[in-house]
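Engineer: Next comes the structure file entry.cif, holding mmCIF, N, CA and C atoms.
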data_target
loop_
_atom_site.label_atom_id
_atom_site.label_comp_id
_atom_site.auth_asym_id
_atom_site.auth_seq_id
_atom_site.Cartn_x
_atom_site.Cartn_y
_atom_site.Cartn_z
N MET A 237 104.10 83.06 156.57
CA MET A 237 103.55 83.67 157.77
C MET A 237 102.75 84.90 157.37
N ASN A 238 101.81 85.25 158.18
CA ASN A 238 101.04 86.47 157.96
C ASN A 238 101.44 87.49 159.01
N PHE A 239 102.07 88.57 158.58
CA PHE A 239 102.52 89.62 159.48
C PHE A 239 101.66 90.85 159.33
N VAL A 240 101.45 91.55 160.42
CA VAL A 240 100.77 92.84 160.43
C VAL A 240 101.86 93.88 160.60
N PHE A 241 101.99 94.80 159.64
CA PHE A 241 103.01 95.83 159.75
C PHE A 241 102.49 96.96 160.60
N SER A 242 103.33 97.41 161.55
CA SER A 242 102.94 98.48 162.46
C SER A 242 103.89 99.66 162.30
N PHE A 243 103.36 100.82 161.96
CA PHE A 243 104.13 102.04 161.81
C PHE A 243 103.35 103.16 162.49
N HIS A 244 104.00 104.31 162.73
CA HIS A 244 103.30 105.45 163.31
C HIS A 244 103.45 106.74 162.51
N HIS A 245 104.39 106.81 161.55
CA HIS A 245 104.60 108.02 160.75
C HIS A 245 104.75 107.64 159.28
N LEU A 246 104.51 108.56 158.38
CA LEU A 246 104.74 108.42 156.95
C LEU A 246 103.93 107.30 156.29
N GLU A 247 102.72 107.07 156.78
CA GLU A 247 101.91 105.98 156.24
C GLU A 247 101.66 106.14 154.75
N LEU A 248 101.33 107.32 154.29
CA LEU A 248 101.02 107.51 152.88
C LEU A 248 102.24 107.26 151.99
N LEU A 249 103.42 107.63 152.47
CA LEU A 249 104.65 107.44 151.70
C LEU A 249 104.89 105.97 151.40
N LEU A 250 104.60 105.08 152.34
CA LEU A 250 104.91 103.67 152.16
C LEU A 250 103.77 102.84 151.59
N CYS A 251 102.58 103.36 151.56
CA CYS A 251 101.44 102.56 151.12
C CYS A 251 101.62 102.01 149.71
N HIS A 252 102.21 102.80 148.81
CA HIS A 252 102.38 102.30 147.45
C HIS A 252 103.36 101.13 147.38
N LEU A 253 104.23 100.99 148.37
CA LEU A 253 105.17 99.87 148.40
C LEU A 253 104.49 98.58 148.87
N CYS A 254 103.35 98.72 149.48
CA CYS A 254 102.73 97.60 150.18
C CYS A 254 101.54 96.98 149.46
N GLU A 255 101.23 97.44 148.26
CA GLU A 255 100.00 96.99 147.60
C GLU A 255 99.90 95.47 147.53
N ALA A 256 100.99 94.80 147.18
CA ALA A 256 100.94 93.34 147.06
C ALA A 256 100.75 92.66 148.40
N LEU A 257 101.14 93.32 149.47
CA LEU A 257 101.04 92.71 150.79
C LEU A 257 99.71 92.97 151.49
N TYR A 258 98.88 93.85 150.92
CA TYR A 258 97.62 94.18 151.57
C TYR A 258 96.73 92.96 151.78
N ARG A 259 96.87 91.95 150.92
CA ARG A 259 96.06 90.75 151.09
C ARG A 259 96.40 90.06 152.41
N PHE A 260 97.62 90.26 152.91
CA PHE A 260 98.09 89.55 154.09
C PHE A 260 98.26 90.44 155.32
N CYS A 261 98.39 91.74 155.13
CA CYS A 261 98.85 92.61 156.21
C CYS A 261 97.96 93.84 156.36
N ASP A 262 97.93 94.37 157.57
CA ASP A 262 97.37 95.69 157.84
C ASP A 262 98.56 96.63 157.96
N ILE A 263 98.51 97.77 157.26
CA ILE A 263 99.67 98.66 157.21
C ILE A 263 99.42 99.91 158.05
N SER A 264 100.40 100.27 158.84
CA SER A 264 100.43 101.54 159.57
C SER A 264 101.91 101.89 159.75
N MET A 265 102.25 102.99 160.39
CA MET A 265 103.65 103.43 160.47
C MET A 265 104.27 103.18 161.84
N TYR A 266 105.59 103.01 161.89
CA TYR A 266 106.32 102.82 163.14
C TYR A 266 107.65 103.56 163.07
N PHE A 267 107.86 104.50 163.93
CA PHE A 267 109.15 105.16 164.16
C PHE A 267 109.94 105.41 162.88
N PHE A 268 109.49 106.38 162.13
CA PHE A 268 110.07 106.78 160.85
C PHE A 268 110.11 105.59 159.92
N LEU A 269 111.22 105.21 159.34
CA LEU A 269 111.23 104.14 158.35
C LEU A 269 111.68 102.80 158.92
N ASN A 270 111.73 102.67 160.24
CA ASN A 270 112.01 101.37 160.84
C ASN A 270 110.69 100.63 160.94
N LEU A 271 110.56 99.56 160.20
CA LEU A 271 109.30 98.84 160.14
C LEU A 271 109.34 97.63 161.06
N VAL A 272 108.24 97.42 161.77
CA VAL A 272 108.10 96.25 162.61
C VAL A 272 106.83 95.55 162.21
N ALA A 273 106.92 94.23 162.02
CA ALA A 273 105.75 93.43 161.66
C ALA A 273 105.43 92.50 162.81
N LYS A 274 104.14 92.26 163.01
CA LYS A 274 103.69 91.34 164.06
C LYS A 274 102.89 90.23 163.40
N HIS A 275 103.29 88.98 163.66
CA HIS A 275 102.61 87.83 163.07
C HIS A 275 101.17 87.79 163.56
N LYS A 276 100.23 87.63 162.62
CA LYS A 276 98.82 87.68 162.97
C LYS A 276 98.39 86.55 163.91
N ASP A 277 99.00 85.39 163.78
CA ASP A 277 98.57 84.24 164.57
C ASP A 277 99.29 84.10 165.91
N ASN A 278 100.63 84.24 165.90
CA ASN A 278 101.38 83.95 167.14
C ASN A 278 102.02 85.17 167.79
N GLY A 279 101.90 86.36 167.19
CA GLY A 279 102.43 87.58 167.81
C GLY A 279 103.92 87.79 167.68
N THR A 280 104.63 86.92 166.97
CA THR A 280 106.07 87.07 166.77
C THR A 280 106.35 88.40 166.08
N LEU A 281 107.35 89.13 166.59
CA LEU A 281 107.75 90.40 165.97
C LEU A 281 108.87 90.16 164.97
N ALA A 282 108.86 90.96 163.91
CA ALA A 282 109.92 90.91 162.90
C ALA A 282 110.25 92.33 162.48
N ALA A 283 111.54 92.57 162.21
CA ALA A 283 111.96 93.84 161.64
C ALA A 283 111.89 93.70 160.13
N ALA A 284 111.39 94.70 159.45
CA ALA A 284 111.28 94.66 158.00
C ALA A 284 112.37 95.54 157.39
N LYS A 285 113.22 94.92 156.61
CA LYS A 285 114.29 95.62 155.89
C LYS A 285 113.82 95.73 154.44
N ILE A 286 113.66 96.96 153.95
CA ILE A 286 113.17 97.16 152.59
C ILE A 286 114.32 97.71 151.74
N ILE A 287 114.62 97.00 150.67
CA ILE A 287 115.77 97.34 149.84
C ILE A 287 115.29 97.60 148.41
N GLU A 288 115.70 98.73 147.85
CA GLU A 288 115.38 99.01 146.45
C GLU A 288 116.36 98.24 145.57
N ILE A 289 115.84 97.44 144.68
CA ILE A 289 116.66 96.64 143.78
C ILE A 289 116.79 97.38 142.45
N LYS A 290 118.03 97.68 142.06
CA LYS A 290 118.28 98.48 140.86
C LYS A 290 118.36 97.66 139.59
N ASP A 291 118.86 96.41 139.69
CA ASP A 291 119.00 95.59 138.50
C ASP A 291 119.02 94.10 138.88
N GLU A 292 119.03 93.27 137.87
CA GLU A 292 118.98 91.82 138.08
C GLU A 292 120.22 91.31 138.82
N GLU A 293 121.38 91.91 138.56
CA GLU A 293 122.62 91.51 139.23
C GLU A 293 122.52 91.74 140.73
N GLU A 294 121.98 92.89 141.11
CA GLU A 294 121.82 93.19 142.54
C GLU A 294 120.84 92.20 143.18
N LEU A 295 119.77 91.88 142.47
CA LEU A 295 118.81 90.90 142.99
C LEU A 295 119.48 89.55 143.20
N THR A 296 120.33 89.15 142.27
CA THR A 296 121.05 87.88 142.39
C THR A 296 121.94 87.88 143.63
N GLU A 297 122.62 89.01 143.90
CA GLU A 297 123.46 89.12 145.09
C GLU A 297 122.62 88.98 146.37
N PHE A 298 121.45 89.59 146.40
CA PHE A 298 120.59 89.48 147.57
C PHE A 298 120.03 88.07 147.72
N ARG A 299 119.79 87.39 146.61
CA ARG A 299 119.32 86.00 146.69
C ARG A 299 120.37 85.13 147.36
N VAL A 300 121.64 85.39 147.09
CA VAL A 300 122.72 84.66 147.76
C VAL A 300 122.67 84.94 149.25
N GLU A 301 122.52 86.21 149.63
CA GLU A 301 122.42 86.57 151.05
C GLU A 301 121.22 85.89 151.70
N ILE A 302 120.09 85.86 150.99
CA ILE A 302 118.88 85.22 151.52
C ILE A 302 119.12 83.73 151.74
N ASP A 303 119.76 83.08 150.78
CA ASP A 303 120.06 81.65 150.92
C ASP A 303 120.95 81.39 152.13
N ILE A 304 121.96 82.23 152.31
CA ILE A 304 122.88 82.07 153.44
C ILE A 304 122.14 82.32 154.76
N LEU A 305 121.38 83.42 154.84
CA LEU A 305 120.64 83.72 156.07
C LEU A 305 119.62 82.63 156.40
N SER A 306 118.99 82.07 155.39
CA SER A 306 118.01 81.01 155.61
C SER A 306 118.66 79.78 156.23
N ALA A 307 119.90 79.51 155.85
CA ALA A 307 120.60 78.33 156.34
C ALA A 307 121.27 78.55 157.69
N CYS A 308 121.49 79.79 158.08
CA CYS A 308 122.23 80.10 159.31
C CYS A 308 121.28 80.32 160.48
N GLN A 309 120.86 79.24 161.08
CA GLN A 309 119.96 79.35 162.23
C GLN A 309 120.76 79.08 163.50
N HIS A 310 121.00 80.15 164.24
CA HIS A 310 121.81 80.09 165.46
C HIS A 310 121.28 81.12 166.43
N LYS A 311 121.36 80.84 167.71
CA LYS A 311 120.78 81.75 168.71
C LYS A 311 121.43 83.13 168.75
N TYR A 312 122.65 83.27 168.23
CA TYR A 312 123.30 84.58 168.23
C TYR A 312 123.40 85.20 166.84
N ILE A 313 122.63 84.68 165.90
CA ILE A 313 122.57 85.25 164.56
C ILE A 313 121.11 85.60 164.27
N VAL A 314 120.88 86.83 163.86
CA VAL A 314 119.52 87.28 163.57
C VAL A 314 118.97 86.42 162.43
N GLY A 315 117.79 85.85 162.67
CA GLY A 315 117.21 84.93 161.71
C GLY A 315 116.37 85.63 160.65
N LEU A 316 116.38 85.07 159.47
CA LEU A 316 115.54 85.54 158.37
C LEU A 316 114.23 84.76 158.44
N LEU A 317 113.11 85.48 158.52
CA LEU A 317 111.81 84.84 158.65
C LEU A 317 111.11 84.68 157.31
N GLU A 318 111.08 85.73 156.50
CA GLU A 318 110.42 85.71 155.20
C GLU A 318 111.00 86.78 154.30
N THR A 319 110.80 86.60 153.00
CA THR A 319 111.16 87.63 152.03
C THR A 319 110.03 87.77 151.01
N TYR A 320 109.88 88.99 150.51
CA TYR A 320 108.91 89.29 149.47
C TYR A 320 109.59 90.21 148.46
N LEU A 321 109.31 90.00 147.18
CA LEU A 321 109.78 90.90 146.14
C LEU A 321 108.54 91.49 145.48
N TYR A 322 108.44 92.82 145.52
CA TYR A 322 107.32 93.51 144.89
C TYR A 322 107.86 94.67 144.10
N GLU A 323 107.60 94.66 142.79
CA GLU A 323 108.15 95.66 141.88
C GLU A 323 109.65 95.72 142.08
N ASP A 324 110.21 96.85 142.44
CA ASP A 324 111.67 96.94 142.62
C ASP A 324 112.07 96.98 144.09
N LYS A 325 111.23 96.47 144.98
CA LYS A 325 111.52 96.47 146.42
C LYS A 325 111.61 95.03 146.94
N LEU A 326 112.70 94.75 147.64
CA LEU A 326 112.87 93.47 148.32
C LEU A 326 112.58 93.70 149.79
N TRP A 327 111.59 93.00 150.31
CA TRP A 327 111.22 93.07 151.72
C TRP A 327 111.81 91.86 152.42
N MET A 328 112.65 92.08 153.42
CA MET A 328 113.22 90.99 154.21
C MET A 328 112.71 91.13 155.64
N LEU A 329 111.99 90.13 156.11
CA LEU A 329 111.51 90.13 157.50
C LEU A 329 112.50 89.32 158.31
N ILE A 330 113.15 89.99 159.28
CA ILE A 330 114.15 89.34 160.12
C ILE A 330 113.71 89.41 161.57
N GLU A 331 114.30 88.57 162.40
CA GLU A 331 113.96 88.57 163.82
C GLU A 331 114.11 89.98 164.39
N PHE A 332 113.15 90.37 165.19
CA PHE A 332 113.16 91.68 165.82
C PHE A 332 113.99 91.62 167.10
N CYS A 333 114.99 92.49 167.21
CA CYS A 333 115.83 92.58 168.41
C CYS A 333 115.30 93.74 169.25
N GLU A 334 114.54 93.41 170.26
CA GLU A 334 113.84 94.43 171.05
C GLU A 334 114.78 95.44 171.68
N GLY A 335 115.96 95.00 172.10
CA GLY A 335 116.89 95.91 172.74
C GLY A 335 117.55 96.89 171.78
N GLY A 336 117.52 96.58 170.50
CA GLY A 336 118.15 97.44 169.51
C GLY A 336 119.59 97.05 169.27
N ALA A 337 120.26 97.82 168.45
CA ALA A 337 121.67 97.58 168.14
C ALA A 337 122.54 97.94 169.33
N LEU A 338 123.62 97.20 169.50
CA LEU A 338 124.51 97.42 170.64
C LEU A 338 125.06 98.84 170.67
N ASP A 339 125.47 99.37 169.52
CA ASP A 339 126.01 100.74 169.51
C ASP A 339 124.93 101.76 169.87
N ASP A 340 123.68 101.51 169.47
CA ASP A 340 122.58 102.41 169.85
C ASP A 340 122.35 102.40 171.36
N ILE A 341 122.47 101.22 171.97
CA ILE A 341 122.30 101.10 173.42
C ILE A 341 123.39 101.89 174.13
N MET A 342 124.62 101.76 173.65
CA MET A 342 125.73 102.49 174.27
C MET A 342 125.54 103.99 174.14
N LEU A 343 125.06 104.44 172.98
CA LEU A 343 124.81 105.88 172.78
C LEU A 343 123.70 106.36 173.71
N GLU A 344 122.67 105.55 173.85
CA GLU A 344 121.55 105.91 174.72
C GLU A 344 121.99 106.00 176.18
N LEU A 345 122.82 105.06 176.61
CA LEU A 345 123.31 105.06 177.99
C LEU A 345 124.39 106.12 178.22
N GLU A 346 124.98 106.59 177.13
CA GLU A 346 126.05 107.58 177.19
C GLU A 346 127.25 107.11 178.00
N LYS A 347 127.54 105.80 177.89
CA LYS A 347 128.73 105.26 178.55
C LYS A 347 129.14 103.97 177.84
N PRO A 348 130.40 103.61 177.95
CA PRO A 348 130.86 102.37 177.31
C PRO A 348 130.37 101.14 178.09
N LEU A 349 130.53 99.99 177.48
CA LEU A 349 130.20 98.76 178.17
C LEU A 349 131.23 98.48 179.25
N MET A 350 130.79 97.82 180.29
CA MET A 350 131.70 97.40 181.37
C MET A 350 132.37 96.09 180.92
N GLU A 351 133.49 95.74 181.56
CA GLU A 351 134.23 94.55 181.15
C GLU A 351 133.38 93.27 181.17
N PRO A 352 132.55 93.02 182.18
CA PRO A 352 131.71 91.80 182.13
C PRO A 352 130.74 91.80 180.94
N GLN A 353 130.23 92.97 180.56
CA GLN A 353 129.34 93.05 179.40
C GLN A 353 130.11 92.77 178.11
N ILE A 354 131.31 93.34 178.02
CA ILE A 354 132.15 93.11 176.84
C ILE A 354 132.47 91.62 176.72
N LYS A 355 132.72 90.97 177.85
CA LYS A 355 133.02 89.53 177.85
C LYS A 355 131.85 88.74 177.25
N VAL A 356 130.63 89.08 177.62
CA VAL A 356 129.45 88.38 177.10
C VAL A 356 129.28 88.63 175.61
N VAL A 357 129.43 89.88 175.20
CA VAL A 357 129.29 90.22 173.78
C VAL A 357 130.34 89.48 172.95
N CYS A 358 131.58 89.48 173.41
CA CYS A 358 132.66 88.79 172.68
C CYS A 358 132.39 87.28 172.62
N LYS A 359 131.99 86.68 173.72
CA LYS A 359 131.72 85.24 173.76
C LYS A 359 130.61 84.88 172.77
N GLN A 360 129.52 85.62 172.80
CA GLN A 360 128.40 85.32 171.92
C GLN A 360 128.75 85.56 170.46
N THR A 361 129.50 86.62 170.19
CA THR A 361 129.93 86.91 168.82
C THR A 361 130.83 85.80 168.30
N LEU A 362 131.77 85.35 169.13
CA LEU A 362 132.68 84.28 168.71
C LEU A 362 131.94 82.96 168.50
N GLU A 363 130.94 82.68 169.34
CA GLU A 363 130.13 81.46 169.13
C GLU A 363 129.42 81.52 167.78
N ALA A 364 128.88 82.68 167.44
CA ALA A 364 128.21 82.84 166.14
C ALA A 364 129.22 82.70 165.00
N LEU A 365 130.40 83.27 165.18
CA LEU A 365 131.44 83.19 164.14
C LEU A 365 131.91 81.75 163.93
N VAL A 366 132.07 81.01 165.02
CA VAL A 366 132.45 79.59 164.91
C VAL A 366 131.38 78.82 164.14
N PHE A 367 130.12 79.10 164.46
CA PHE A 367 129.02 78.46 163.74
C PHE A 367 129.08 78.77 162.25
N LEU A 368 129.26 80.06 161.91
CA LEU A 368 129.33 80.45 160.51
C LEU A 368 130.48 79.75 159.79
N HIS A 369 131.65 79.74 160.41
CA HIS A 369 132.80 79.12 159.78
C HIS A 369 132.61 77.62 159.63
N SER A 370 131.96 76.99 160.61
CA SER A 370 131.70 75.54 160.50
C SER A 370 130.68 75.26 159.40
N SER A 371 129.89 76.27 159.06
CA SER A 371 128.92 76.15 157.96
C SER A 371 129.50 76.64 156.64
N ARG A 372 130.80 76.93 156.63
CA ARG A 372 131.51 77.41 155.44
C ARG A 372 131.01 78.77 154.96
N VAL A 373 130.66 79.62 155.93
CA VAL A 373 130.23 80.99 155.64
C VAL A 373 131.28 81.92 156.22
N ILE A 374 131.76 82.84 155.40
CA ILE A 374 132.73 83.83 155.87
C ILE A 374 132.01 85.15 156.06
N HIS A 375 132.23 85.78 157.21
CA HIS A 375 131.59 87.07 157.49
C HIS A 375 132.65 88.14 157.59
#
Starting from the file, give its structure as structure tokens.

Structural biologist:
Amino acid sequence: MNFVFSFHHLELLLCHLCEALYRFCDISMYFFLNLVAKHKDNGTLAAAKIIEIKDEEELTEFRVEIDILSACQHKYIVGLLETYLYEDKLWMLIEFCEGGALDDIMLELEKPLMEPQIKVVCKQTLEALVFLHSSRVIH
């Protein structure tokens, strides 16, 4: 896929990390170091997780995670869209969750979830867990 990375701050800091991707992407900044990519053709959003790889063993561990995430396609599990390795940085493009993390939402609202909301979160989490276990993945 061809993603366009969108950022709003610290553009110069990250440009050296993106040299290999310039052939495919336009780089700018988005909300400190949270990166969001937009597919050039279909507009799909992706969150970019950038990980510094220290050694070959660590890279092997992430390859296992990538293999597992690639195989785990479920509506309640964040999907892995693409990965890139450039120098010592592993770029993982995952599905973008527009609402953000559940704990961030609760902090923003400054109140706990109500019982019906907790019921939905638990149901969806358990459905994802059943899927993982049926796929022989332990989380």

Engineer: Enter the distance from CA of Glu331 in chain A to CA of Thr361 in chain A, in Å, rounded to one decimal.

Structural biologist: 16.8 Å

Engineer: For the structure provided, state which residues fall under the PyMOL selection byres (((chain A and resi 318 and name CA) around 7) and name CA), and present them as a PyMOL selection string.

Structural biologist: chain A and resi 316-317+319-320+328-329

Engineer: With distances taken over only N, CA and C atoms, which residue among A:Met342, A:Val357, A:Ile330, A:Val373 lies nearest Leu281 in chain A?

Structural biologist: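 Selected residue with least distance to Leu281 in chain A: A:Ile330.
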
Engineer: Taking (106.7, 89.7, 166.2) in the file's coordinates as the center, which residues reach within 8 Å of it, counting all atoms listed in the file, put as a CSV table (one decimal) with N, CA and C atoms, keeping the file's coordinate frame?

Structural biologist:
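Contents of result_27.csv, freshly written:
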chain,number,residue,atom,x,y,z
A,239,PHE,N,102.1,88.6,158.6
A,239,PHE,CA,102.5,89.6,159.5
A,239,PHE,C,101.7,90.8,159.3
A,272,VAL,N,108.2,97.4,161.8
A,272,VAL,CA,108.1,96.2,162.6
A,272,VAL,C,106.8,95.6,162.2
A,273,ALA,N,106.9,94.2,162.0
A,273,ALA,CA,105.8,93.4,161.7
A,273,ALA,C,105.4,92.5,162.8
A,274,LYS,N,104.1,92.3,163.0
A,274,LYS,CA,103.7,91.3,164.1
A,274,LYS,C,102.9,90.2,163.4
A,275,HIS,N,103.3,89.0,163.7
A,275,HIS,CA,102.6,87.8,163.1
A,275,HIS,C,101.2,87.8,163.6
A,276,LYS,N,100.2,87.6,162.6
A,276,LYS,CA,98.8,87.7,163.0
A,276,LYS,C,98.4,86.6,163.9
A,278,ASN,N,100.6,84.2,165.9
A,278,ASN,CA,101.4,84.0,167.1
A,278,ASN,C,102.0,85.2,167.8
A,279,GLY,N,101.9,86.4,167.2
A,279,GLY,CA,102.4,87.6,167.8
A,279,GLY,C,103.9,87.8,167.7
A,280,THR,N,104.6,86.9,167.0
A,280,THR,CA,106.1,87.1,166.8
A,280,THR,C,106.4,88.4,166.1
A,281,LEU,N,107.4,89.1,166.6
A,281,LEU,CA,107.8,90.4,166.0
A,281,LEU,C,108.9,90.2,165.0
A,282,ALA,N,108.9,91.0,163.9
A,282,ALA,CA,109.9,90.9,162.9
A,282,ALA,C,110.2,92.3,162.5
A,283,ALA,N,111.5,92.6,162.2
A,283,ALA,CA,112.0,93.8,161.6
A,283,ALA,C,111.9,93.7,160.1
A,331,GLU,N,114.3,88.6,162.4
A,331,GLU,CA,114.0,88.6,163.8
A,331,GLU,C,114.1,90.0,164.4
A,332,PHE,N,113.2,90.4,165.2
A,332,PHE,CA,113.2,91.7,165.8
A,332,PHE,C,114.0,91.6,167.1

Engineer: As an exercise, work out the distance from CA of Ile287 in chain A to atom N of Trp327 in chain A in Å and give it to one decimal place.

Structural biologist: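 Atom-to-atom, CA of Ile287 in chain A to atom N of Trp327 in chain A, that is 6.0 Å.
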
Engineer: Figure out the distance between atom C of Leu365 in chain A and CA of Leu271 in chain A, please, to one decimal in Å.

Structural biologist: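 We find that CA of Leu271 in chain A and atom C of Leu365 in chain A lie 28.6 Å from each other.
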
Engineer: Translate the PyMOL selection byres (((chain A and resi 308 and name CA) around 12) and name CA) into a concrete residue list for this structure, as a PyMOL selection string.

Structural biologist: chain A and resi 301-307+309-317+364-375

Engineer: What does the file look like for those residues with N, CA and C atoms, as a PDB file, in the coordinates of the input?

Structural biologist:
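Here's the written file again.pdb:
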ATOM      1  N   GLU A 301     122.520  86.210 149.630  1.00  0.00           N
ATOM      2  CA  GLU A 301     122.420  86.570 151.050  1.00  0.00           C
ATOM      3  C   GLU A 301     121.220  85.890 151.700  1.00  0.00           C
ATOM      4  N   ILE A 302     120.090  85.860 150.990  1.00  0.00           N
ATOM      5  CA  ILE A 302     118.880  85.220 151.520  1.00  0.00           C
ATOM      6  C   ILE A 302     119.120  83.730 151.740  1.00  0.00           C
ATOM      7  N   ASP A 303     119.760  83.080 150.780  1.00  0.00           N
ATOM      8  CA  ASP A 303     120.060  81.650 150.920  1.00  0.00           C
ATOM      9  C   ASP A 303     120.950  81.390 152.130  1.00  0.00           C
ATOM     10  N   ILE A 304     121.960  82.230 152.310  1.00  0.00           N
ATOM     11  CA  ILE A 304     122.880  82.070 153.440  1.00  0.00           C
ATOM     12  C   ILE A 304     122.140  82.320 154.760  1.00  0.00           C
ATOM     13  N   LEU A 305     121.380  83.420 154.840  1.00  0.00           N
ATOM     14  CA  LEU A 305     120.640  83.720 156.070  1.00  0.00           C
ATOM     15  C   LEU A 305     119.620  82.630 156.400  1.00  0.00           C
ATOM     16  N   SER A 306     118.990  82.070 155.390  1.00  0.00           N
ATOM     17  CA  SER A 306     118.010  81.010 155.610  1.00  0.00           C
ATOM     18  C   SER A 306     118.660  79.780 156.230  1.00  0.00           C
ATOM     19  N   ALA A 307     119.900  79.510 155.850  1.00  0.00           N
ATOM     20  CA  ALA A 307     120.600  78.330 156.340  1.00  0.00           C
ATOM     21  C   ALA A 307     121.270  78.550 157.690  1.00  0.00           C
ATOM     22  N   GLN A 309     120.860  79.240 161.080  1.00  0.00           N
ATOM     23  CA  GLN A 309     119.960  79.350 162.230  1.00  0.00           C
ATOM     24  C   GLN A 309     120.760  79.080 163.500  1.00  0.00           C
ATOM     25  N   HIS A 310     121.000  80.150 164.240  1.00  0.00           N
ATOM     26  CA  HIS A 310     121.810  80.090 165.460  1.00  0.00           C
ATOM     27  C   HIS A 310     121.280  81.120 166.430  1.00  0.00           C
ATOM     28  N   LYS A 311     121.360  80.840 167.710  1.00  0.00           N
ATOM     29  CA  LYS A 311     120.780  81.750 168.710  1.00  0.00           C
ATOM     30  C   LYS A 311     121.430  83.130 168.750  1.00  0.00           C
ATOM     31  N   TYR A 312     122.650  83.270 168.230  1.00  0.00           N
ATOM     32  CA  TYR A 312     123.300  84.580 168.230  1.00  0.00           C
ATOM     33  C   TYR A 312     123.400  85.200 166.840  1.00  0.00           C
ATOM     34  N   ILE A 313     122.630  84.680 165.900  1.00  0.00           N
ATOM     35  CA  ILE A 313     122.570  85.250 164.560  1.00  0.00           C
ATOM     36  C   ILE A 313     121.110  85.600 164.270  1.00  0.00           C
ATOM     37  N   VAL A 314     120.880  86.830 163.860  1.00  0.00           N
ATOM     38  CA  VAL A 314     119.520  87.280 163.570  1.00  0.00           C
ATOM     39  C   VAL A 314     118.970  86.420 162.430  1.00  0.00           C
ATOM     40  N   GLY A 315     117.790  85.850 162.670  1.00  0.00           N
ATOM     41  CA  GLY A 315     117.210  84.930 161.710  1.00  0.00           C
ATOM     42  C   GLY A 315     116.370  85.630 160.650  1.00  0.00           C
ATOM     43  N   LEU A 316     116.380  85.070 159.470  1.00  0.00           N
ATOM     44  CA  LEU A 316     115.540  85.540 158.370  1.00  0.00           C
ATOM     45  C   LEU A 316     114.230  84.760 158.440  1.00  0.00           C
ATOM     46  N   LEU A 317     113.110  85.480 158.520  1.00  0.00           N
ATOM     47  CA  LEU A 317     111.810  84.840 158.650  1.00  0.00           C
ATOM     48  C   LEU A 317     111.110  84.680 157.310  1.00  0.00           C
ATOM     49  N   ALA A 364     128.880  82.680 167.440  1.00  0.00           N
ATOM     50  CA  ALA A 364     128.210  82.840 166.140  1.00  0.00           C
ATOM     51  C   ALA A 364     129.220  82.700 165.000  1.00  0.00           C
ATOM     52  N   LEU A 365     130.400  83.270 165.180  1.00  0.00           N
ATOM     53  CA  LEU A 365     131.440  83.190 164.140  1.00  0.00           C
ATOM     54  C   LEU A 365     131.910  81.750 163.930  1.00  0.00           C
ATOM     55  N   VAL A 366     132.070  81.010 165.020  1.00  0.00           N
ATOM     56  CA  VAL A 366     132.450  79.590 164.910  1.00  0.00           C
ATOM     57  C   VAL A 366     131.380  78.820 164.140  1.00  0.00           C
ATOM     58  N   PHE A 367     130.120  79.100 164.460  1.00  0.00           N
ATOM     59  CA  PHE A 367     129.020  78.460 163.740  1.00  0.00           C
ATOM     60  C   PHE A 367     129.080  78.770 162.250  1.00  0.00           C
ATOM     61  N   LEU A 368     129.260  80.060 161.910  1.00  0.00           N
ATOM     62  CA  LEU A 368     129.330  80.450 160.510  1.00  0.00           C
ATOM     63  C   LEU A 368     130.480  79.750 159.790  1.00  0.00           C
ATOM     64  N   HIS A 369     131.650  79.740 160.410  1.00  0.00           N
ATOM     65  CA  HIS A 369     132.800  79.120 159.780  1.00  0.00           C
ATOM     66  C   HIS A 369     132.610  77.620 159.630  1.00  0.00           C
ATOM     67  N   SER A 370     131.960  76.990 160.610  1.00  0.00           N
ATOM     68  CA  SER A 370     131.700  75.540 160.500  1.00  0.00           C
ATOM     69  C   SER A 370     130.680  75.260 159.400  1.00  0.00           C
ATOM     70  N   SER A 371     129.890  76.270 159.060  1.00  0.00           N
ATOM     71  CA  SER A 371     128.920  76.150 157.960  1.00  0.00           C
ATOM     72  C   SER A 371     129.500  76.640 156.640  1.00  0.00           C
ATOM     73  N   ARG A 372     130.800  76.930 156.630  1.00  0.00           N
ATOM     74  CA  ARG A 372     131.510  77.410 155.440  1.00  0.00           C
ATOM     75  C   ARG A 372     131.010  78.770 154.960  1.00  0.00           C
ATOM     76  N   VAL A 373     130.660  79.620 155.930  1.00  0.00           N
ATOM     77  CA  VAL A 373     130.230  80.990 155.640  1.00  0.00           C
ATOM     78  C   VAL A 373     131.280  81.920 156.220  1.00  0.00           C
ATOM     79  N   ILE A 374     131.760  82.840 155.400  1.00  0.00           N
ATOM     80  CA  ILE A 374     132.730  83.830 155.870  1.00  0.00           C
ATOM     81  C   ILE A 374     132.010  85.150 156.060  1.00  0.00           C
ATOM     82  N   HIS A 375     132.230  85.780 157.210  1.00  0.00           N
ATOM     83  CA  HIS A 375     131.590  87.070 157.490  1.00  0.00           C
ATOM     84  C   HIS A 375     132.650  88.140 157.590  1.00  0.00           C
TER      85      HIS A 375
END

Engineer: Once DSSP has gone over the backbone, tell me which residues of range 261-341 of chain A are in strand (DSSP E), as a list in words.

Structural biologist: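 Result set for range 261-341 of chain A (strand (DSSP E)): Leu271, Val272, Ala273, Lys274, His275, Leu281, Ala282, Ala283, Ala284, Lys285, Ile286, Ile287, Glu288, Leu316, Leu317, Glu318, Thr319, Tyr320, Leu321, Tyr322, Lys325, Leu326, Trp327, Met328, Leu329, Ile330 and Glu331 of chain A.
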
Engineer: What box, with edges along x, y and z, holds each listed atom of range 311-317 of chain A when 5 Å is added on every side, and can you state its centre and edge lengths in Å to one decimal, as JSON?

Structural biologist:
{"center_x": 117.3, "center_y": 84.1, "center_z": 163.0, "size_x": 22.3, "size_y": 16.4, "size_z": 21.4}

Engineer: Among the residues of range 305-362 of chain A, find those DSSP assigns to alpha helix (DSSP H) from the backbone and print them as a list in words.

Structural biologist: Leu305, Ser306, Ala307, Leu338, Asp339, Asp340, Ile341, Met342, Leu343, Glu344, Leu345, Glu351, Pro352, Gln353, Ile354, Lys355, Val356, Val357, Cys358, Lys359, Gln360, Thr361 and Leu362 of chain A
